[in-house]
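Structure file model13.cif with mmCIF, C-alpha atoms and all ligand atoms:
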```
data_structure
#
loop_
_atom_site.group_PDB
_atom_site.id
_atom_site.type_symbol
_atom_site.label_atom_id
_atom_site.label_comp_id
_atom_site.auth_asym_id
_atom_site.auth_seq_id
_atom_site.Cartn_x
_atom_site.Cartn_y
_atom_site.Cartn_z
ATOM 1 C CA MET Y 1 0.000 0.000 0.000
ATOM 2 C CA GLU Y 2 1.213 3.460 -0.856
ATOM 3 C CA VAL Y 3 2.064 5.812 1.955
ATOM 4 C CA ALA Y 4 0.898 9.362 1.423
ATOM 5 C CA GLY Y 5 3.881 11.516 2.132
ATOM 6 C CA SER Y 6 3.780 14.412 -0.286
ATOM 7 C CA VAL Y 7 2.498 17.824 0.654
ATOM 8 C CA ASN Y 8 -0.089 17.589 -2.089
ATOM 9 C CA THR Y 9 -1.680 14.471 -0.564
ATOM 10 C CA GLN Y 10 -1.619 16.028 2.877
ATOM 11 C CA GLN Y 11 -3.513 19.012 1.527
ATOM 12 C CA ARG Y 12 -6.068 16.739 -0.093
ATOM 13 C CA ILE Y 13 -6.560 14.851 3.179
ATOM 14 C CA THR Y 14 -7.215 18.096 5.010
ATOM 15 C CA TYR Y 15 -9.530 19.228 2.242
ATOM 16 C CA ASP Y 16 -11.515 15.960 2.136
ATOM 17 C CA LEU Y 17 -11.860 15.832 5.893
ATOM 18 C CA SER Y 18 -13.123 19.381 5.993
ATOM 19 C CA LEU Y 19 -15.710 18.323 3.412
ATOM 20 C CA ILE Y 20 -16.853 15.449 5.606
ATOM 21 C CA GLN Y 21 -17.268 17.856 8.467
ATOM 22 C CA GLY Y 22 -19.347 20.010 6.159
ATOM 23 C CA LYS Y 23 -17.049 23.019 6.259
ATOM 24 C CA GLN Y 24 -16.965 23.730 2.531
ATOM 25 C CA ASP Y 25 -19.521 23.998 -0.202
ATOM 26 C CA SER Y 26 -19.806 21.413 -2.937
ATOM 27 C CA SER Y 27 -17.522 22.126 -5.856
ATOM 28 C CA SER Y 28 -15.952 20.302 -8.768
ATOM 29 C CA ALA Y 29 -13.112 19.139 -6.492
ATOM 30 C CA LEU Y 30 -15.629 17.557 -4.120
ATOM 31 C CA GLU Y 31 -17.448 15.864 -6.991
ATOM 32 C CA HIS Y 32 -14.187 14.475 -8.307
ATOM 33 C CA SER Y 33 -12.928 13.194 -4.954
ATOM 34 C CA LEU Y 34 -16.172 11.510 -3.985
ATOM 35 C CA GLY Y 35 -16.651 10.224 -7.552
ATOM 36 C CA ALA Y 36 -13.311 8.430 -7.344
ATOM 37 C CA LEU Y 37 -14.221 6.902 -3.973
ATOM 38 C CA ARG Y 38 -17.595 5.762 -5.313
ATOM 39 C CA THR Y 39 -15.993 3.990 -8.288
ATOM 40 C CA MET Y 40 -13.526 2.226 -6.015
ATOM 41 C CA ALA Y 41 -16.223 1.243 -3.519
ATOM 42 C CA GLU Y 42 -18.466 -0.104 -6.270
ATOM 43 C CA ARG Y 43 -15.703 -2.134 -7.852
ATOM 44 C CA ARG Y 44 -14.468 -3.295 -4.428
ATOM 45 C CA ARG Y 45 -10.972 -2.070 -5.277
ATOM 46 C CA GLU Y 46 -8.193 -2.500 -2.773
ATOM 47 C CA ASN Y 47 -6.843 0.992 -3.515
ATOM 48 C CA CYS Y 48 -9.975 2.323 -1.862
ATOM 49 C CA LEU Y 49 -7.749 2.345 1.200
ATOM 50 C CA THR Y 50 -5.260 4.734 -0.379
ATOM 51 C CA HIS Y 51 -7.938 7.266 -1.181
ATOM 52 C CA PRO Y 52 -7.196 10.447 0.817
ATOM 53 C CA VAL Y 53 -10.465 10.211 2.764
ATOM 54 C CA CYS Y 54 -9.937 6.589 3.766
ATOM 55 C CA PHE Y 55 -6.283 7.121 4.453
ATOM 56 C CA ALA Y 56 -6.951 9.987 6.804
ATOM 57 C CA LEU Y 57 -9.558 7.915 8.587
ATOM 58 C CA MET Y 58 -7.258 4.958 9.062
ATOM 59 C CA SER Y 59 -5.936 6.295 12.327
ATOM 60 C CA ILE Y 60 -9.485 6.673 13.538
ATOM 61 C CA LYS Y 61 -11.114 3.550 14.891
ATOM 62 C CA CYS Y 62 -14.603 4.965 15.280
ATOM 63 C CA VAL Y 63 -15.258 4.717 11.572
ATOM 64 C CA HIS Y 64 -18.856 3.560 11.521
ATOM 65 C CA LEU Y 65 -20.515 6.921 11.805
ATOM 66 C CA ILE Y 66 -18.117 8.748 9.486
ATOM 67 C CA LEU Y 67 -18.436 6.079 6.837
ATOM 68 C CA TYR Y 68 -22.170 6.051 7.283
ATOM 69 C CA ILE Y 69 -22.116 9.684 6.208
ATOM 70 C CA ILE Y 70 -19.985 8.761 3.198
ATOM 71 C CA LEU Y 71 -22.312 5.881 2.302
ATOM 72 C CA VAL Y 72 -25.349 8.115 2.366
ATOM 73 C CA HIS Y 73 -23.416 10.679 0.360
ATOM 74 C CA LEU Y 74 -22.393 8.119 -2.248
ATOM 75 C CA SER Y 75 -25.644 6.124 -2.254
ATOM 76 C CA VAL Y 76 -23.804 2.772 -2.105
ATOM 77 C CA ASP Y 77 -25.665 0.002 -0.235
ATOM 78 C CA SER Y 78 -22.654 -1.489 1.465
ATOM 79 C CA PHE Y 79 -18.927 -1.796 1.130
ATOM 80 C CA THR Y 80 -15.995 -3.223 2.999
ATOM 81 C CA TYR Y 81 -13.767 -0.745 4.722
ATOM 82 C CA LEU Y 82 -10.611 -1.998 6.434
ATOM 83 C CA GLY Y 83 -12.255 -5.391 6.740
ATOM 84 C CA ASN Y 84 -15.475 -3.982 8.204
ATOM 85 C CA SER Y 85 -18.707 -4.395 6.255
ATOM 86 C CA LEU Y 86 -20.580 -1.138 6.391
ATOM 87 C CA SER Y 87 -24.148 -0.841 5.215
ATOM 88 C CA SER Y 88 -26.204 2.240 4.485
ATOM 89 C CA SER Y 89 -28.981 0.938 6.750
ATOM 90 C CA ASN Y 90 -26.418 0.980 9.593
ATOM 91 C CA SER Y 91 -27.399 -2.577 10.507
ATOM 92 C CA LEU Y 92 -24.811 -4.943 11.952
ATOM 93 C CA ASP Y 93 -26.411 -8.133 10.608
ATOM 94 C CA LYS Y 94 -24.086 -8.382 7.612
ATOM 95 C CA GLU Y 95 -21.040 -7.374 9.632
ATOM 96 C CA ILE Y 96 -21.682 -10.102 12.216
ATOM 97 C CA SER Y 97 -22.127 -12.818 9.587
ATOM 98 C CA THR Y 98 -18.975 -11.611 7.799
ATOM 99 C CA ARG Y 99 -17.000 -11.642 11.045
ATOM 100 C CA ILE Y 100 -18.181 -15.177 11.857
ATOM 101 C CA ALA Y 101 -17.284 -16.315 8.321
ATOM 102 C CA LYS Y 102 -13.816 -14.769 8.571
ATOM 103 C CA ALA Y 103 -13.155 -16.207 12.032
ATOM 104 C CA ASN Y 104 -14.392 -19.570 10.806
ATOM 105 C CA ALA Y 105 -12.001 -19.423 7.860
ATOM 106 C CA SER Y 106 -9.045 -18.657 10.121
ATOM 107 C CA TYR Y 107 -10.141 -21.493 12.416
ATOM 108 C CA GLY Y 108 -10.290 -23.864 9.449
ATOM 109 C CA ARG Y 109 -6.831 -22.902 8.233
ATOM 110 C CA LEU Y 110 -5.338 -24.030 11.567
ATOM 111 C CA GLN Y 111 -7.207 -27.347 11.602
ATOM 112 C CA LYS Y 112 -4.279 -29.580 10.640
ATOM 113 C CA ARG Y 113 -1.395 -27.587 12.081
ATOM 114 C CA VAL Y 114 -2.862 -26.760 15.479
ATOM 115 C CA TRP Y 115 -6.221 -28.241 16.454
ATOM 116 C CA CYS Y 116 -5.475 -31.793 15.260
ATOM 117 C CA ASP Y 117 -1.896 -31.785 16.591
ATOM 118 C CA ARG Y 118 -1.814 -34.148 19.545
ATOM 119 C CA GLY Y 119 1.578 -32.838 20.646
ATOM 120 C CA LEU Y 120 0.111 -29.443 21.554
ATOM 121 C CA SER Y 121 -1.517 -28.902 24.919
ATOM 122 C CA ILE Y 122 -5.058 -27.583 25.342
ATOM 123 C CA GLU Y 123 -3.601 -24.404 26.884
ATOM 124 C CA THR Y 124 -1.526 -23.678 23.776
ATOM 125 C CA LYS Y 125 -4.481 -24.370 21.495
ATOM 126 C CA CYS Y 126 -6.696 -22.024 23.525
ATOM 127 C CA ALA Y 127 -4.012 -19.332 23.410
ATOM 128 C CA VAL Y 128 -3.802 -19.673 19.617
ATOM 129 C CA TYR Y 129 -7.605 -19.555 19.416
ATOM 130 C CA LYS Y 130 -7.698 -16.324 21.427
ATOM 131 C CA ALA Y 131 -4.915 -14.717 19.396
ATOM 132 C CA VAL Y 132 -6.061 -15.723 15.924
ATOM 133 C CA VAL Y 133 -9.730 -16.690 15.812
ATOM 134 C CA LEU Y 134 -11.189 -14.566 18.591
ATOM 135 C CA SER Y 135 -9.415 -11.419 17.438
ATOM 136 C CA ALA Y 136 -10.769 -11.997 13.914
ATOM 137 C CA LEU Y 137 -14.258 -12.524 15.348
ATOM 138 C CA LEU Y 138 -14.269 -9.371 17.462
ATOM 139 C CA TYR Y 139 -12.345 -7.092 15.101
ATOM 140 C CA GLY Y 140 -13.711 -3.565 15.411
ATOM 141 C CA CYS Y 141 -16.213 -4.555 18.112
ATOM 142 C CA GLU Y 142 -15.433 -1.385 20.086
ATOM 143 C CA SER Y 143 -17.917 0.660 18.098
ATOM 144 C CA TRP Y 144 -20.612 -2.013 17.655
ATOM 145 C CA THR Y 145 -24.112 -1.471 18.918
ATOM 146 C CA LEU Y 146 -25.276 -5.027 19.302
ATOM 147 C CA TYR Y 147 -28.663 -6.543 19.870
ATOM 148 C CA ARG Y 148 -29.136 -9.724 21.867
ATOM 149 C CA ARG Y 149 -29.482 -11.762 18.622
ATOM 150 C CA HIS Y 150 -26.004 -10.679 17.489
ATOM 151 C CA ILE Y 151 -24.388 -11.579 20.819
ATOM 152 C CA LYS Y 152 -26.137 -14.956 20.681
ATOM 153 C CA LEU Y 153 -24.676 -15.709 17.239
ATOM 154 C CA LEU Y 154 -21.167 -14.712 18.346
ATOM 155 C CA ASP Y 155 -21.470 -16.735 21.556
ATOM 156 C CA GLN Y 156 -22.623 -19.813 19.648
ATOM 157 C CA PHE Y 157 -19.551 -19.603 17.407
ATOM 158 C CA HIS Y 158 -17.281 -19.090 20.453
ATOM 159 C CA GLN Y 159 -18.708 -22.171 22.188
ATOM 160 C CA ARG Y 160 -18.594 -24.282 19.033
ATOM 161 C CA CYS Y 161 -14.891 -23.529 18.501
ATOM 162 C CA LEU Y 162 -13.901 -24.102 22.134
ATOM 163 C CA ARG Y 163 -15.805 -27.387 22.248
ATOM 164 C CA ARG Y 164 -14.117 -28.591 19.063
ATOM 165 C CA ILE Y 165 -10.668 -27.585 20.358
ATOM 166 C CA MET Y 166 -11.166 -29.394 23.666
ATOM 167 C CA ASN Y 167 -13.002 -32.292 22.012
ATOM 168 C CA ILE Y 168 -16.166 -31.922 24.064
ATOM 169 C CA LYS Y 169 -19.152 -33.575 22.403
ATOM 170 C CA TRP Y 170 -22.807 -32.836 23.113
ATOM 171 C CA PHE Y 171 -23.323 -36.193 24.815
ATOM 172 C CA ASN Y 172 -20.603 -35.350 27.367
ATOM 173 C CA LYS Y 173 -23.195 -32.945 28.818
ATOM 174 C CA VAL Y 174 -20.728 -30.184 29.675
ATOM 175 C CA THR Y 175 -22.317 -26.785 30.320
ATOM 176 C CA ASN Y 176 -21.226 -23.628 28.511
ATOM 177 C CA VAL Y 177 -19.861 -22.191 31.760
ATOM 178 C CA LYS Y 178 -17.661 -25.251 32.314
ATOM 179 C CA VAL Y 179 -16.331 -24.960 28.752
ATOM 180 C CA LEU Y 180 -15.323 -21.341 29.433
ATOM 181 C CA GLN Y 181 -13.740 -22.293 32.764
ATOM 182 C CA LYS Y 182 -11.751 -25.076 31.148
ATOM 183 C CA ALA Y 183 -10.532 -22.795 28.355
ATOM 184 C CA LYS Y 184 -9.739 -20.063 30.915
ATOM 185 C CA THR Y 185 -11.617 -17.493 28.883
ATOM 186 C CA GLN Y 186 -14.697 -15.306 29.231
ATOM 187 C CA SER Y 187 -18.028 -15.176 27.473
ATOM 188 C CA ILE Y 188 -18.483 -12.989 24.390
ATOM 189 C CA ASP Y 189 -20.736 -10.646 26.355
ATOM 190 C CA THR Y 190 -17.964 -9.896 28.874
ATOM 191 C CA LEU Y 191 -15.285 -9.558 26.190
ATOM 192 C CA LEU Y 192 -17.478 -7.058 24.323
ATOM 193 C CA THR Y 193 -18.207 -5.100 27.493
ATOM 194 C CA LEU Y 194 -14.514 -4.903 28.298
ATOM 195 C CA SER Y 195 -13.368 -3.748 24.865
ATOM 196 C CA GLN Y 196 -16.139 -1.165 24.564
ATOM 197 C CA LEU Y 197 -15.217 0.317 27.929
ATOM 198 C CA ARG Y 198 -11.544 0.328 26.950
ATOM 199 C CA TRP Y 199 -12.392 2.211 23.750
ATOM 200 C CA SER Y 200 -14.662 4.665 25.576
ATOM 201 C CA GLY Y 201 -11.743 5.415 27.906
ATOM 202 C CA HIS Y 202 -9.545 6.187 24.873
ATOM 203 C CA LEU Y 203 -12.255 8.497 23.522
ATOM 204 C CA VAL Y 204 -12.509 10.433 26.759
ATOM 205 C CA ARG Y 205 -8.737 10.921 26.926
ATOM 206 C CA MET Y 206 -8.483 12.125 23.286
ATOM 207 C CA SER Y 207 -7.926 15.775 22.525
ATOM 208 C CA ASP Y 208 -11.091 17.705 21.695
ATOM 209 C CA ASP Y 209 -10.169 18.326 18.051
ATOM 210 C CA ARG Y 210 -10.176 14.613 17.147
ATOM 211 C CA LEU Y 211 -13.081 13.433 14.986
ATOM 212 C CA PRO Y 212 -14.029 10.327 17.008
ATOM 213 C CA LYS Y 213 -14.412 12.414 20.150
ATOM 214 C CA GLN Y 214 -16.432 15.055 18.346
ATOM 215 C CA LEU Y 215 -18.739 12.370 16.960
ATOM 216 C CA PHE Y 216 -19.002 10.688 20.347
ATOM 217 C CA TYR Y 217 -20.294 13.839 22.009
ATOM 218 C CA SER Y 218 -22.255 15.226 19.051
ATOM 219 C CA GLU Y 219 -25.914 14.836 18.263
ATOM 220 C CA LEU Y 220 -28.123 15.508 15.260
ATOM 221 C CA SER Y 221 -29.517 19.014 15.077
ATOM 222 C CA GLU Y 222 -32.535 17.993 13.001
ATOM 223 C CA GLY Y 223 -34.494 14.921 11.916
ATOM 224 C CA HIS Y 224 -37.145 12.885 13.642
ATOM 225 C CA ARG Y 225 -37.521 9.398 15.050
ATOM 226 C CA LEU Y 226 -39.517 6.760 13.238
ATOM 227 C CA ARG Y 227 -42.617 5.340 14.834
ATOM 228 C CA GLY Y 228 -42.092 2.310 17.053
ATOM 229 C CA ARG Y 229 -39.230 1.183 19.208
ATOM 230 C CA PRO Y 230 -36.185 3.442 18.848
ATOM 231 C CA THR Y 231 -33.119 1.794 17.365
ATOM 232 C CA LEU Y 232 -30.359 0.973 19.814
ATOM 233 C CA ARG Y 233 -27.622 3.584 20.093
ATOM 234 C CA PHE Y 234 -24.036 3.384 21.239
ATOM 235 C CA LYS Y 235 -25.006 5.468 24.241
ATOM 236 C CA ALA Y 236 -27.368 2.732 25.461
ATOM 237 C CA THR Y 237 -24.729 0.044 24.900
ATOM 238 C CA LEU Y 238 -22.186 2.046 26.864
ATOM 239 C CA LYS Y 239 -24.666 2.636 29.678
ATOM 240 C CA LYS Y 240 -25.309 -1.104 29.905
ATOM 241 C CA SER Y 241 -21.579 -1.885 29.888
ATOM 242 C CA LEU Y 242 -21.042 0.576 32.750
ATOM 243 C CA GLN Y 243 -23.917 -0.944 34.698
ATOM 244 C CA ASN Y 244 -22.557 -4.466 34.123
ATOM 245 C CA CYS Y 245 -19.172 -3.464 35.519
ATOM 246 C CA ARG Y 246 -20.771 -1.577 38.439
ATOM 247 C CA ILE Y 247 -19.186 1.721 37.385
ATOM 248 C CA ALA Y 248 -21.107 4.821 38.422
ATOM 249 C CA MET Y 249 -22.637 6.624 35.431
ATOM 250 C CA ALA Y 250 -22.300 10.056 36.980
ATOM 251 C CA HIS Y 251 -18.514 10.367 37.000
ATOM 252 C CA TRP Y 252 -17.196 7.667 34.700
ATOM 253 C CA GLU Y 253 -15.482 10.244 32.473
ATOM 254 C CA THR Y 254 -13.427 11.553 35.396
ATOM 255 C CA THR Y 255 -12.342 8.008 36.232
ATOM 256 C CA ALA Y 256 -11.582 7.214 32.574
ATOM 257 C CA SER Y 257 -9.276 10.202 32.244
ATOM 258 C CA ASN Y 258 -6.759 8.261 34.338
ATOM 259 C CA ARG Y 259 -5.643 5.437 32.074
ATOM 260 C CA ARG Y 260 -4.210 3.143 34.780
ATOM 261 C CA VAL Y 261 -7.163 3.479 37.158
ATOM 262 C CA TRP Y 262 -9.643 2.971 34.309
ATOM 263 C CA LYS Y 263 -7.854 -0.186 33.157
ATOM 264 C CA GLN Y 264 -7.891 -1.694 36.644
ATOM 265 C CA LEU Y 265 -11.496 -0.720 37.251
ATOM 266 C CA THR Y 266 -12.831 -2.110 33.972
ATOM 267 C CA ARG Y 267 -10.905 -5.362 34.282
ATOM 268 C CA LYS Y 268 -12.084 -5.863 37.845
ATOM 269 C CA GLY Y 269 -15.646 -4.952 36.861
ATOM 270 C CA ALA Y 270 -15.667 -7.315 33.880
ATOM 271 C CA ALA Y 271 -14.293 -10.187 35.992
ATOM 272 C CA ALA Y 272 -16.986 -9.558 38.643
ATOM 273 C CA TYR Y 273 -19.668 -9.432 35.932
ATOM 274 C CA GLU Y 274 -18.520 -12.758 34.510
ATOM 275 C CA GLN Y 275 -18.465 -14.315 37.998
ATOM 276 C CA ALA Y 276 -21.953 -13.028 38.765
ATOM 277 C CA LYS Y 277 -23.252 -14.428 35.492
ATOM 278 C CA ARG Y 278 -21.702 -17.820 36.212
ATOM 279 C CA ARG Y 279 -23.103 -17.827 39.749
ATOM 280 C CA ALA Y 280 -26.593 -16.974 38.472
ATOM 281 C CA HIS Y 281 -26.313 -19.733 35.892
ATOM 282 C CA ALA Y 282 -25.250 -22.282 38.550
ATOM 283 C CA GLU Y 283 -28.105 -21.227 40.865
ATOM 284 C CA LYS Y 284 -30.656 -21.479 38.081
ATOM 285 C CA ARG Y 285 -29.358 -24.888 37.122
ATOM 286 C CA ALA Y 286 -29.413 -26.102 40.752
ATOM 287 C CA ALA Y 287 -32.969 -24.803 41.175
ATOM 288 C CA THR Y 288 -34.097 -26.607 38.023
ATOM 289 C CA ASN Y 289 -32.483 -29.859 39.159
ATOM 290 C CA ALA Y 290 -33.873 -29.545 42.703
ATOM 291 C CA GLY Y 291 -37.320 -28.759 41.316
ATOM 292 C CA THR Y 292 -37.297 -31.847 39.139
ATOM 293 C CA GLU Y 293 -36.187 -34.048 42.021
ATOM 294 C CA SER Y 294 -38.659 -32.689 44.578
ATOM 295 C CA ARG Y 295 -41.562 -32.810 42.163
ATOM 296 C CA GLY Y 296 -40.489 -36.284 41.069
ATOM 297 C CA SER Y 297 -40.435 -37.695 44.580
ATOM 298 C CA SER Y 298 -43.897 -36.326 45.286
ATOM 299 C CA ILE Y 299 -45.634 -38.103 42.410
ATOM 300 C CA PRO Y 300 -45.762 -41.825 43.130
ATOM 301 C CA CYS Y 301 -48.107 -44.118 41.215
ATOM 302 C CA HIS Y 302 -51.114 -45.057 43.385
ATOM 303 C CA VAL Y 303 -51.245 -48.560 41.863
ATOM 304 C CA CYS Y 304 -47.663 -49.853 41.948
ATOM 305 C CA GLY Y 305 -45.844 -47.084 43.846
ATOM 306 C CA ARG Y 306 -43.484 -46.236 41.019
ATOM 307 C CA ILE Y 307 -42.050 -42.699 41.307
ATOM 308 C CA CYS Y 308 -42.613 -40.512 38.289
ATOM 309 C CA ALA Y 309 -40.622 -37.367 37.448
ATOM 310 C CA SER Y 310 -43.653 -35.325 36.390
ATOM 311 C CA GLU Y 311 -47.423 -35.386 36.191
ATOM 312 C CA PHE Y 312 -47.144 -35.955 32.497
ATOM 313 C CA GLY Y 313 -44.868 -38.936 33.161
ATOM 314 C CA LEU Y 314 -47.374 -40.337 35.684
ATOM 315 C CA ARG Y 315 -50.212 -40.040 33.191
ATOM 316 C CA SER Y 316 -48.324 -41.943 30.528
ATOM 317 C CA HIS Y 317 -47.225 -44.526 33.107
ATOM 318 C CA LEU Y 318 -50.848 -45.081 34.216
ATOM 319 C CA ARG Y 319 -51.639 -46.431 30.742
ATOM 320 C CA VAL Y 320 -49.694 -49.552 31.771
ATOM 321 C CA HIS Y 321 -52.376 -50.385 34.364
ATOM 322 C CA ARG Y 322 -55.350 -50.041 32.014
HETATM 323 ZN ZN ZN Y 401 -47.922 -47.867 38.460
#
```

Would you write out, as structure tokens, the structure that this file holds?
Ligand SMILES: [Zn+2]
Amino acid sequence: MEVAGSVNTQQRITYDLSLIQGKQDSSSALEHSLGALRTMAERRRENCLTHPVCFALMSIKCVHLILYIILVHLSVDSFTYLGNSLSSSNSLDKEISTRIAKANASYGRLQKRVWCDRGLSIETKCAVYKAVVLSALLYGCESWTLYRRHIKLLDQFHQRCLRRIMNIKWFNKVTNVKVLQKAKTQSIDTLLTLSQLRWSGHLVRMSDDRLPKQLFYSELSEGHRLRGRPTLRFKATLKKSLQNCRIAMAHWETTASNRRVWKQLTRKGAAAYEQAKRRAHAEKRAATNAGTESRGSSIPCHVCGRICASEFGLRSHLRVHR
């Protein structure tokens, strides 16, 4: 990839960015610059990345909103930017399926060399999984605004991979929590919470003239909401992440301005959140098991005294005595 070094390119970057921020009127230069980007986006060209606009944005991780503006501007349905699928509807459905496909491909490529190698320990395999597959799966997750259905899909993939690595079959009846404990990793929900809080900390500490920070604190001056349930926003996701990690909403920005304190706090919070989730899961499971046993012992057959697990079971058993 070409590195823009000349003064001319630098000027174009500044010019294009000022256009994105709406500081200049449309002119022939704007038409030309955006026309070139549209052609590259449509033809899925690799040199899309060397376009001044894209190049300037490369240092910015919060690309979703900026590129959303470009997409609307260019009237392209979707295109891949730095490996992220961006759609004009701003939906993450395609992005999640692409991420799962890419992670699955990188998992498949290591099948012979790593997963099937009996000389490697489970610990090494899990470390490789975290470094290669998991990072491909959660690439760019810092700016995602996920619904429960997306997290479910990601979690299913995470479990499927870990179970295959550790050779746990369905009939072994190992719970998801035990799989995570064995692999010494956390659930997707916790990993997402942690990386979003880490990114929010970076945003808070950025200087005020940086685009991601401006976008983070900005809001639309006009427009109206559609009827029905409002679409989920990053703000709501962040609020939930803070609640999960038991961080007070009121002064989280003050805490985040200290990098070291913020890191410790978020890590501790995420670990506590994971523990609480596991505890709740264990309690629920114990309650279900206890419920089955207690109900089972209380329904004996009045003819032969056989103990049935449920009323339904008793009814079907009673057919024997007809
Ligand atoms: Zn009976």

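Evaluating the PyMOL selection byres (((not hetatm)) within 12 of (chain Y and resi 401)) against the shown model yields Y:Ile299, Y:Pro300, Y:Cys301, Y:His302, Y:Val303, Y:Cys304, Y:Gly305, Y:Arg306, Y:Ile307, Y:Cys308, Y:Gly313, Y:Leu314, Y:Arg315, Y:Ser316, Y:His317, Y:Leu318, Y:Arg319, Y:Val320, Y:His321, Y:Arg322.
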
(message) Please report the interatomic distance between atom CA of Asn90 of chain Y and atom CA of Arg233 of chain Y in Å with one decimal.
(response)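 Atom CA of Arg233 of chain Y lies at a distance of 10.9 Å from atom CA of Asn90 of chain Y.
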
(Q) I want to know what sits within 12 Å of Leu146 of chain Y, based on all atoms listed in the file, with residues of the same chain fewer than 2 positions away left out; could you give that as a PyMOL selection string? (A) chain Y and resi 90-93+95-96+138+141-144+148-154+188-189+192-193+196+231-238+240-241

Centre and edge lengths, as AutoDock Vina command-line options, for the axis-aligned box enclosing every listed atom of segment 229-243 of chain Y with 8 Å of padding on each of the six sides, in Å to one decimal?
```
--center_x -30.1 --center_y 1.8 --center_z 26.0 --size_x 34.2 --size_y 23.4 --size_z 33.3
```

Students should find that atom CA of Ser221 of chain Y and atom CA of Asp208 of chain Y are spaced 19.6 Å

I'd like the interatomic distance between atom CA of Ala183 of chain Y and atom CA of Ile247 of chain Y, to a tenth of an Å.
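Straight-line distance from atom CA of Ala183 of chain Y to atom CA of Ile247 of chain Y works out to 27.5 Å.
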
- Can you turn the PyMOL selection byres (((chain Y and resi 244) around 12) and not hetatm) into a concrete residue list for this file, as an MDAnalysis selection string? chainID Y and resid 189:194 196:197 237:243 245:249 266:277

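Proximity to Thr124 of chain Y was assessed for Y:Met166, Y:Val179, Y:Gln264, Y:Ala309 counting all atoms listed in the file; the smallest distance is recorded for Y:Met166.
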
| message | Under the PyMOL selection byres (((chain Y and resi 111) around 12) and not hetatm), which residues of this model are included? Write them out as a PyMOL selection string. | response | chain Y and resi 104-110+112-118+125+128-129+133+161+164-165

Counting all atoms listed in the file, which of Y:Lys182, Y:Ser257, Y:Gln159, Y:Arg225 gets nearest to Met206 of chain Y?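 Comparing Y:Lys182, Y:Ser257, Y:Gln159, Y:Arg225 against Met206 of chain Y, the winner is Y:Ser257.
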
Worksheet item: Which one is closest to Ala127 of chain Y: Y:Asn172, Y:Ser298, Y:Thr185, Y:Ser97? Count all atoms listed in the file.
Response: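 That would be Y:Thr185, the residue with the smallest distance to Ala127 of chain Y.
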
Across Y:Asn84, Y:Ser310, Y:Thr254, Y:Ser135, the smallest distance to Arg205 of chain Y, with all atoms listed in the file counted, is shown by Y:Thr254

Best match for closeness to Lys102 of chain Y among Y:Leu82, Y:Ala287, Y:Leu120, Y:Ala136, counting all atoms listed in the file:
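Looking only at the distances to Lys102 of chain Y, the closest residue turns out to be Y:Ala136.
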
Repair of segment 182-193 of chain Y at the level of N, CA and C atoms, as an mmCIF file, in the coordinates of the input:
```
data_model
loop_
_atom_site.group_PDB
_atom_site.id
_atom_site.type_symbol
_atom_site.label_atom_id
_atom_site.label_comp_id
_atom_site.auth_asym_id
_atom_site.auth_seq_id
_atom_site.Cartn_x
_atom_site.Cartn_y
_atom_site.Cartn_z
ATOM 1 N N LYS Y 182 -12.819 -24.174 31.595
ATOM 2 C CA LYS Y 182 -11.751 -25.076 31.148
ATOM 3 C C LYS Y 182 -10.804 -24.369 30.188
ATOM 4 N N ALA Y 183 -11.357 -23.514 29.329
ATOM 5 C CA ALA Y 183 -10.532 -22.795 28.355
ATOM 6 C C ALA Y 183 -9.904 -21.535 28.944
ATOM 7 N N LYS Y 184 -10.238 -21.257 30.207
ATOM 8 C CA LYS Y 184 -9.739 -20.063 30.915
ATOM 9 C C LYS Y 184 -10.020 -18.793 30.105
ATOM 10 N N THR Y 185 -11.232 -18.687 29.629
ATOM 11 C CA THR Y 185 -11.617 -17.493 28.883
ATOM 12 C C THR Y 185 -12.965 -16.983 29.393
ATOM 13 N N GLN Y 186 -13.437 -15.905 28.791
ATOM 14 C CA GLN Y 186 -14.697 -15.306 29.231
ATOM 15 C C GLN Y 186 -15.730 -15.393 28.120
ATOM 16 N N SER Y 187 -16.973 -15.134 28.481
ATOM 17 C CA SER Y 187 -18.028 -15.176 27.473
ATOM 18 C C SER Y 187 -17.912 -13.962 26.551
ATOM 19 N N ILE Y 188 -18.534 -14.069 25.385
ATOM 20 C CA ILE Y 188 -18.483 -12.989 24.390
ATOM 21 C C ILE Y 188 -19.032 -11.684 24.978
ATOM 22 N N ASP Y 189 -20.104 -11.812 25.744
ATOM 23 C CA ASP Y 189 -20.736 -10.646 26.355
ATOM 24 C C ASP Y 189 -19.726 -9.846 27.189
ATOM 25 N N THR Y 190 -18.964 -10.559 28.020
ATOM 26 C CA THR Y 190 -17.964 -9.896 28.874
ATOM 27 C C THR Y 190 -16.826 -9.305 28.050
ATOM 28 N N LEU Y 191 -16.380 -10.052 27.041
ATOM 29 C CA LEU Y 191 -15.285 -9.558 26.190
ATOM 30 C C LEU Y 191 -15.698 -8.283 25.469
ATOM 31 N N LEU Y 192 -16.960 -8.256 25.009
ATOM 32 C CA LEU Y 192 -17.478 -7.058 24.323
ATOM 33 C C LEU Y 192 -17.560 -5.882 25.283
ATOM 34 N N THR Y 193 -18.083 -6.145 26.470
ATOM 35 C CA THR Y 193 -18.207 -5.100 27.493
ATOM 36 C C THR Y 193 -16.845 -4.485 27.775
#
```
